[in-house]
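**Q** Input start-v2.cif, format and content: mmCIF, C-alpha atoms.
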data_data
loop_
_atom_site.label_atom_id
_atom_site.label_comp_id
_atom_site.auth_asym_id
_atom_site.auth_seq_id
_atom_site.Cartn_x
_atom_site.Cartn_y
_atom_site.Cartn_z
CA LYS A 284 0.00 0.00 0.00
CA LEU A 285 2.87 2.39 0.73
CA GLU A 286 4.26 1.74 -2.74
CA ALA A 287 0.84 2.18 -4.33
CA THR A 288 0.35 5.56 -2.67
CA GLY A 289 3.81 6.79 -3.66
CA LEU A 290 5.28 6.86 -0.16
CA ILE A 291 7.98 4.25 -0.82
CA LYS A 292 10.12 3.28 -3.79
CA THR A 293 11.59 -0.25 -3.72
CA PHE A 294 14.85 -1.28 -5.37
CA GLU A 295 16.26 -4.79 -5.64
CA GLY A 296 19.96 -5.52 -5.84
CA GLU A 297 22.33 -8.43 -5.41
CA ASP A 298 25.81 -8.75 -3.92
CA LYS A 299 28.03 -11.53 -2.58
CA LEU A 300 25.63 -12.05 0.35
CA GLY A 301 22.63 -12.52 -1.92
CA LYS A 302 19.62 -10.46 -2.92
CA TYR A 303 18.64 -7.41 -0.93
CA HIS A 304 16.04 -4.64 -1.08
CA ILE A 305 16.41 -0.91 -0.53
CA TYR A 306 13.35 1.05 0.54
CA GLU A 307 13.47 4.78 -0.24
CA LEU A 308 10.94 6.92 1.62
CA GLN A 309 9.20 9.53 -0.49
CA LYS A 310 7.97 12.90 0.71
CA PRO A 311 4.17 12.86 1.16
CA LEU A 312 2.11 15.18 -1.00
CA ASN A 313 0.77 18.31 0.67
CA GLU A 314 -2.98 18.65 1.09
CA VAL A 315 -3.49 20.61 -2.13
CA LYS A 316 -1.60 18.14 -4.33
CA PHE A 317 -3.22 15.17 -2.58
CA PHE A 318 -6.77 16.32 -3.28
CA THR A 319 -5.96 17.23 -6.87
CA ASP A 320 -4.48 13.78 -7.52
CA ASP A 321 -7.28 11.77 -9.15
CA LEU A 322 -6.11 8.34 -7.95
CA LEU A 323 -5.34 9.28 -4.33
CA SER A 324 -8.41 11.42 -3.81
CA THR A 325 -10.64 8.70 -5.29
CA ALA A 326 -9.05 6.08 -3.02
CA LEU A 327 -9.64 8.30 0.02
CA LEU A 328 -13.26 8.95 -0.99
CA GLU A 329 -13.87 5.21 -1.29
CA MET A 330 -12.35 4.55 2.15
CA VAL A 331 -13.98 7.31 4.25
CA GLY A 332 -17.20 8.10 2.41
CA ASN A 333 -18.51 11.31 0.89
CA GLU A 334 -19.29 13.21 4.12
CA LYS A 335 -15.88 12.72 5.75
CA PHE A 336 -14.17 13.34 2.41
CA LYS A 337 -15.80 16.78 2.19
CA LYS A 338 -14.64 17.65 5.71
CA LEU A 339 -11.08 16.51 5.00
CA SER A 340 -10.96 18.47 1.76
CA LEU A 341 -11.46 21.68 3.78
CA TRP A 342 -7.78 21.37 4.74
CA ASN A 343 -7.11 22.81 1.29
CA LYS A 344 -8.15 26.17 2.72
CA PHE A 345 -5.93 25.96 5.79
CA ASP A 346 -3.30 28.70 6.06
CA ASN A 347 0.00 26.87 6.18
CA ASN A 348 2.23 29.92 5.91
CA TYR A 349 4.61 29.48 8.85
CA HIS A 350 7.19 32.10 7.89
CA ASP A 351 6.06 34.54 10.58
CA LYS A 352 5.85 31.80 13.25
CA LYS A 353 8.52 30.71 15.73
CA GLU A 354 9.57 27.07 15.30
CA VAL A 355 9.80 25.17 18.59
CA THR A 356 10.51 21.69 17.19
CA LYS A 357 12.71 19.64 19.54
CA GLN A 358 15.88 17.94 18.35
CA PHE A 359 16.51 14.27 19.13
CA PHE A 360 18.86 14.87 22.06
CA ASP A 361 16.52 17.51 23.48
CA VAL A 362 14.01 14.73 24.08
CA PHE A 363 16.21 11.65 24.56
CA ASN A 364 18.80 13.25 26.81
CA LEU A 365 22.19 11.73 27.37
CA ASN A 366 22.92 11.07 31.02
CA LYS A 367 25.26 13.31 33.02
CA ASP A 368 28.45 11.83 31.49
CA ASN A 369 29.87 13.45 28.35
CA ILE A 370 30.41 11.17 25.36
CA VAL A 371 33.49 11.01 23.12
CA LEU A 372 33.42 9.48 19.65
CA GLN A 373 36.97 8.12 19.28
CA ALA A 374 37.67 7.69 15.58
CA GLN A 375 40.33 6.08 13.39
CA LEU A 376 40.10 7.97 10.09
CA LYS A 377 42.34 8.61 7.07
CA ASP A 378 41.96 10.49 3.78
CA ASP A 379 40.03 7.83 1.86
CA ALA A 380 36.43 8.21 0.69
CA ASN A 381 34.99 5.84 3.31
CA SER A 382 36.74 7.70 6.11
CA GLN A 383 35.25 10.95 4.82
CA LYS A 384 31.75 9.45 4.93
CA VAL A 385 32.23 8.30 8.52
CA LYS A 386 33.75 11.65 9.50
CA GLU A 387 30.78 13.57 8.09
CA PHE A 388 28.38 11.25 9.91
CA LEU A 389 30.20 11.73 13.23
CA GLN A 390 30.37 15.50 12.78
CA GLU A 391 26.61 15.60 12.26
CA ILE A 392 26.09 13.68 15.51
CA VAL A 393 28.49 15.94 17.43
CA ALA A 394 26.59 19.02 16.19
CA MET A 395 23.40 17.68 17.78
CA SER A 396 24.56 17.87 21.40
CA PRO A 397 27.17 19.82 23.41
CA MET A 398 27.71 16.63 25.44
CA ILE A 399 29.23 14.78 22.45
CA SER A 400 32.73 15.40 21.10
CA LEU A 401 34.99 13.83 18.48
CA GLU A 402 38.66 12.87 18.87
CA GLU A 403 41.24 10.74 17.08
CA LYS A 404 42.19 7.31 18.40
CA GLU A 405 44.22 4.48 16.92
CA LEU A 406 41.91 1.52 16.26
CA PRO A 407 42.36 -1.80 14.39
CA ARG A 408 40.23 -0.81 11.38
CA THR A 409 39.88 2.26 9.18
CA PRO A 410 37.37 3.81 9.21
CA SER A 411 35.99 2.98 12.65
CA PHE A 412 35.08 4.62 15.95
CA ARG A 413 34.31 3.84 19.57
CA ILE A 414 31.65 5.36 21.80
CA ALA A 415 33.15 6.14 25.21
CA LYS A 416 32.55 8.20 28.31
CA LYS A 417 34.97 11.10 28.47
CA GLY A 418 38.20 9.95 30.14
CA GLN A 419 37.27 6.26 30.04
CA GLU A 420 37.88 3.27 27.78
CA SER A 421 35.03 1.60 25.92
CA GLY A 422 34.30 -1.77 24.37
CA VAL A 423 31.61 -0.50 21.96
CA GLU A 424 33.05 -0.07 18.48
CA PHE A 425 31.63 0.45 14.98
CA ALA A 426 33.71 -0.25 11.87
CA GLY A 427 32.06 1.50 8.94
CA LEU A 428 28.80 3.43 8.89
CA PRO A 429 26.01 2.35 11.27
CA LEU A 430 23.20 3.42 8.97
CA GLY A 431 20.15 1.59 7.65
CA HIS A 432 18.90 -0.90 10.23
CA GLU A 433 22.03 -0.31 12.31
CA PHE A 434 21.29 3.35 13.03
CA THR A 435 19.09 2.22 15.92
CA SER A 436 22.01 0.16 17.25
CA PHE A 437 24.18 3.28 17.16
CA ILE A 438 21.64 5.49 18.98
CA LEU A 439 21.01 2.87 21.67
CA ALA A 440 24.76 2.44 22.20
CA LEU A 441 25.13 6.21 22.51
CA LEU A 442 22.42 6.38 25.18
CA GLN A 443 23.60 3.28 27.06
CA VAL A 444 27.26 4.28 27.16
CA SER A 445 26.18 7.66 28.53
CA GLY A 446 24.58 5.90 31.48
CA ARG A 447 21.03 5.01 30.47
CA PRO A 448 20.38 1.50 31.77
CA PRO A 449 19.60 -1.01 29.00
CA LYS A 450 16.23 -2.73 29.13
CA VAL A 451 17.52 -6.11 30.29
CA GLU A 452 16.30 -8.35 33.08
CA THR A 453 18.30 -8.16 36.31
CA ASP A 454 19.32 -11.82 36.31
CA ILE A 455 20.71 -11.50 32.77
CA VAL A 456 22.71 -8.41 33.80
CA LYS A 457 24.18 -10.37 36.72
CA ARG A 458 25.19 -13.22 34.40
CA ILE A 459 26.92 -10.76 32.06
CA GLN A 460 28.71 -9.08 34.96
CA ALA A 461 29.94 -12.49 36.15
CA VAL A 462 32.24 -12.85 33.11
CA ASP A 463 35.69 -12.38 34.63
CA GLU A 464 38.00 -12.79 31.63
CA PRO A 465 38.50 -10.65 28.50
CA MET A 466 36.17 -11.52 25.63
CA HIS A 467 35.94 -9.78 22.26
CA PHE A 468 33.17 -10.29 19.69
CA GLU A 469 32.84 -9.13 16.09
CA THR A 470 29.59 -9.02 14.16
CA TYR A 471 29.62 -8.64 10.38
CA VAL A 472 26.48 -6.94 9.12
CA SER A 473 24.73 -5.70 6.03
CA LEU A 474 22.82 -2.43 6.41
CA THR A 475 19.77 -4.08 4.85
CA CYS A 476 19.85 -7.08 7.23
CA HIS A 477 16.74 -7.28 9.43
CA ASN A 478 18.22 -9.66 12.02
CA CYS A 479 21.64 -8.03 12.44
CA PRO A 480 20.58 -5.22 14.82
CA ASP A 481 19.36 -7.69 17.46
CA VAL A 482 22.80 -9.33 17.55
CA VAL A 483 24.72 -6.04 17.48
CA GLN A 484 22.59 -4.52 20.24
CA ALA A 485 22.91 -7.61 22.44
CA PHE A 486 26.73 -7.60 22.24
CA ASN A 487 26.83 -3.83 22.76
CA ILE A 488 24.78 -4.19 25.95
CA MET A 489 27.19 -6.84 27.17
CA SER A 490 30.10 -4.47 26.46
CA VAL A 491 28.41 -1.63 28.37
CA VAL A 492 27.53 -3.78 31.37
CA ASN A 493 30.91 -5.54 31.70
CA PRO A 494 34.29 -3.87 30.91
CA ASN A 495 35.80 -7.33 30.29
CA ILE A 496 33.64 -7.63 27.17
CA SER A 497 34.12 -5.70 23.92
CA HIS A 498 32.31 -5.79 20.59
CA THR A 499 32.86 -4.44 17.08
CA MET A 500 30.15 -4.13 14.46
CA VAL A 501 31.77 -4.51 11.03
CA GLU A 502 29.79 -3.12 8.11
CA GLY A 503 30.45 -5.51 5.24
CA GLY A 504 30.05 -2.90 2.50
CA MET A 505 33.14 -1.00 3.68
CA PHE A 506 35.17 -4.10 4.53
CA LYS A 507 34.59 -6.33 1.51
CA ASP A 508 38.16 -7.67 1.65
CA GLU A 509 37.49 -9.15 5.10
CA ILE A 510 34.19 -10.62 3.91
CA GLU A 511 35.93 -12.37 1.01
CA ALA A 512 38.96 -13.45 3.04
CA LYS A 513 36.79 -15.07 5.69
CA GLY A 514 34.37 -16.59 3.21
CA ILE A 515 31.34 -14.98 4.84
CA MET A 516 28.26 -15.93 2.83
CA SER A 517 25.48 -14.56 5.07
CA VAL A 518 25.03 -12.19 7.99
CA PRO A 519 24.96 -11.72 10.91
#
So that I can check it, write out the structure of this file as structure tokens.
**A**
Amino acid sequence: KLEATGLIKTFEGEDKLGKYHIYELQKPLNEVKFFTDDLLSTALLEMVGNEKFKKLSLWNKFDNNYHDKKEVTKQFFDVFNLNKDNIVLQAQLKDDANSQKVKEFLQEIVAMSPMISLEEKELPRTPSFRIAKKGQESGVEFAGLPLGHEFTSFILALLQVSGRPPKVETDIVKRIQAVDEPMHFETYVSLTCHNCPDVVQAFNIMSVVNPNISHTMVEGGMFKDEIEAKGIMSVP
């Protein structure tokens, strides 16, 4: 239905991991264009009936000139506040195109909150970055861009590293905290993978709860050489 009403465009591609789909959100029509579109207005009329359709069509006359109004829209971190601890995005970047993409992404995040800063740090992969409390080490690392389905993993890691408790049962937290030897995990993902975020978020929580545990999300699109060298055929 979203495709039929012009709200989503769907593209199919194929890589070494198999077929995948990309869903591109489209900007909805404004009220004037919607009611002058024969197909959409007819579909709405059929769904709601003539009386409700007439009432809805009155929105065409609504004054939507906001230029003389003060915008009070909240930004993400105005609503979902980081806890009291400042966050540092510790990045390993060079001059290549992928590093530039990650750098631009991190700079956009830093611009959203005065509690987030960006600094250089030597890490195993380029480009990559860790999310850490200021002045502390961290086991939460992202190699590549955490976009697509992994953007949620990134935001949750940001909030949890800052001190927001993850939504995990107490007995599970105790079991994670009982790990008393160093353990490192790596999760290879595709940004179109539906199951990958669950795995990434679980390992990130473990890394936040227990400093003996660390985890790196590796975005396969930016690290194709590793994918081929390890013979990875599916993710996560």
**Q** Determine the residue membership of the PyMOL selection byres ((chain A and resi 402) around 6) for the file above and supply it as an NGL selection string.
**A** :A and (373 or 401 or 403)
**Q** Do a neighbour search on Met500 (chain A) at 6 Å with all atoms listed in the file, toss out local chain neighbours closer than 5 positions, and write the hits as a VMD selection string.
**A** chain A and resid 425 to 426 469 to 470
**Q** Would you list the residues near (39.4, 10.8, 11.7), meaning any protein, DNA or RNA residue with an atom at most 7 Å from that point in file coordinates, counting only C-alpha atoms, as an NGL selection string?
**A** :A and (374-377 or 382 or 386 or 403)
**Q** So how many Å separate CA of Ala415 (chain A) and CA of Phe486 (chain A), to one decimal?
**A**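 CA of Ala415 (chain A) sits 15.5 Å away from CA of Phe486 (chain A).
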**Q** Could you state the separation of CA of Thr293 (chain A) and CA of His477 (chain A) in Å, given to one decimal place?
**A**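 Distance between the two atoms: 15.8 Å.
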**Q** For CA of Lys310 (chain A) and CA of Leu290 (chain A), determine how far apart the two atoms are, in Å to one decimal place.
**A**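 Between these atoms lies a distance of 6.7 Å.
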**Q** Using the chain letters and numbering of this document, enumerate as a PyMOL selection string the residues selected by the PyMOL selection byres ((chain A and resi 493) around 9).
**A** chain A and resi 422+456+459-463+488-492+494-497
**Q** Keeping only C-alpha atoms, write those residues as a PDB file, in the frame of the given file.
**A**
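again.pdb, freshly written:
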ATOM      1  CA  GLY A 422      34.300  -1.770  24.370  1.00  0.00           C
ATOM      2  CA  VAL A 456      22.710  -8.410  33.800  1.00  0.00           C
ATOM      3  CA  ILE A 459      26.920 -10.760  32.060  1.00  0.00           C
ATOM      4  CA  GLN A 460      28.710  -9.080  34.960  1.00  0.00           C
ATOM      5  CA  ALA A 461      29.940 -12.490  36.150  1.00  0.00           C
ATOM      6  CA  VAL A 462      32.240 -12.850  33.110  1.00  0.00           C
ATOM      7  CA  ASP A 463      35.690 -12.380  34.630  1.00  0.00           C
ATOM      8  CA  ILE A 488      24.780  -4.190  25.950  1.00  0.00           C
ATOM      9  CA  MET A 489      27.190  -6.840  27.170  1.00  0.00           C
ATOM     10  CA  SER A 490      30.100  -4.470  26.460  1.00  0.00           C
ATOM     11  CA  VAL A 491      28.410  -1.630  28.370  1.00  0.00           C
ATOM     12  CA  VAL A 492      27.530  -3.780  31.370  1.00  0.00           C
ATOM     13  CA  PRO A 494      34.290  -3.870  30.910  1.00  0.00           C
ATOM     14  CA  ASN A 495      35.800  -7.330  30.290  1.00  0.00           C
ATOM     15  CA  ILE A 496      33.640  -7.630  27.170  1.00  0.00           C
ATOM     16  CA  SER A 497      34.120  -5.700  23.920  1.00  0.00           C
TER      17      SER A 497
END
**Q** Between A:Lys302, A:Leu308, A:Glu297, A:Lys507, which residue has the minimum interatomic distance to Leu285 (chain A), considering all atoms listed in the file?
**A** A:Leu308
**Q** Only N, CA, C and O atoms, as a compact mmCIF listing (two decimals), in the first residue's frame: that is what I want for region 448-469 of chain A.
**A**
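Saved file part.txt follows:
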# COMPACT_ATOMS: atom_id res chain seq x y z
N PRO A 448 20.37 2.95 31.60
CA PRO A 448 20.38 1.50 31.77
C PRO A 448 19.66 0.78 30.64
O PRO A 448 18.57 1.18 30.25
N PRO A 449 20.27 -0.26 30.06
CA PRO A 449 19.60 -1.01 29.00
C PRO A 449 18.42 -1.78 29.56
O PRO A 449 18.39 -2.15 30.73
N LYS A 450 17.44 -2.01 28.71
CA LYS A 450 16.23 -2.73 29.13
C LYS A 450 16.50 -4.23 29.11
O LYS A 450 16.13 -4.94 28.17
N VAL A 451 17.16 -4.70 30.16
CA VAL A 451 17.52 -6.11 30.29
C VAL A 451 17.16 -6.58 31.69
O VAL A 451 17.30 -5.82 32.66
N GLU A 452 16.68 -7.81 31.78
CA GLU A 452 16.30 -8.35 33.08
C GLU A 452 17.50 -8.43 34.01
O GLU A 452 18.63 -8.67 33.59
N THR A 453 17.24 -8.24 35.30
CA THR A 453 18.30 -8.16 36.31
C THR A 453 19.16 -9.42 36.35
O THR A 453 20.39 -9.33 36.46
N ASP A 454 18.54 -10.58 36.24
CA ASP A 454 19.32 -11.82 36.31
C ASP A 454 20.26 -11.97 35.12
O ASP A 454 21.37 -12.50 35.24
N ILE A 455 19.85 -11.44 33.95
CA ILE A 455 20.71 -11.50 32.77
C ILE A 455 21.89 -10.54 32.96
O ILE A 455 23.03 -10.88 32.61
N VAL A 456 21.64 -9.37 33.53
CA VAL A 456 22.71 -8.41 33.80
C VAL A 456 23.74 -9.03 34.74
O VAL A 456 24.96 -8.91 34.54
N LYS A 457 23.27 -9.73 35.76
CA LYS A 457 24.18 -10.37 36.72
C LYS A 457 25.03 -11.44 36.05
O LYS A 457 26.22 -11.59 36.35
N ARG A 458 24.45 -12.19 35.11
CA ARG A 458 25.19 -13.22 34.40
C ARG A 458 26.26 -12.60 33.51
O ARG A 458 27.38 -13.12 33.40
N ILE A 459 25.93 -11.46 32.89
CA ILE A 459 26.92 -10.76 32.06
C ILE A 459 28.06 -10.23 32.93
O ILE A 459 29.24 -10.37 32.59
N GLN A 460 27.71 -9.65 34.06
CA GLN A 460 28.71 -9.08 34.96
C GLN A 460 29.61 -10.15 35.57
O GLN A 460 30.71 -9.85 36.04
N ALA A 461 29.16 -11.41 35.56
CA ALA A 461 29.94 -12.49 36.15
C ALA A 461 31.11 -12.94 35.26
O ALA A 461 32.00 -13.66 35.72
N VAL A 462 31.13 -12.51 34.00
CA VAL A 462 32.24 -12.85 33.11
C VAL A 462 33.50 -12.16 33.62
O VAL A 462 33.57 -10.93 33.70
N ASP A 463 34.51 -12.95 33.98
CA ASP A 463 35.69 -12.38 34.63
C ASP A 463 36.97 -12.50 33.80
O ASP A 463 38.07 -12.39 34.33
N GLU A 464 36.84 -12.74 32.50
CA GLU A 464 38.00 -12.79 31.63
C GLU A 464 37.70 -12.01 30.35
O GLU A 464 36.54 -11.89 29.95
N PRO A 465 38.73 -11.45 29.70
CA PRO A 465 38.50 -10.65 28.50
C PRO A 465 37.86 -11.46 27.37
O PRO A 465 38.29 -12.57 27.07
N MET A 466 36.84 -10.88 26.76
CA MET A 466 36.17 -11.52 25.63
C MET A 466 35.86 -10.45 24.59
O MET A 466 35.31 -9.40 24.92
N HIS A 467 36.21 -10.73 23.33
CA HIS A 467 35.94 -9.78 22.26
C HIS A 467 35.10 -10.46 21.19
O HIS A 467 35.38 -11.59 20.78
N PHE A 468 34.06 -9.76 20.72
CA PHE A 468 33.17 -10.29 19.69
C PHE A 468 33.16 -9.35 18.50
O PHE A 468 33.29 -8.13 18.65
N GLU A 469 32.99 -9.92 17.30
CA GLU A 469 32.84 -9.13 16.09
C GLU A 469 31.62 -9.62 15.33
O GLU A 469 31.43 -10.82 15.16
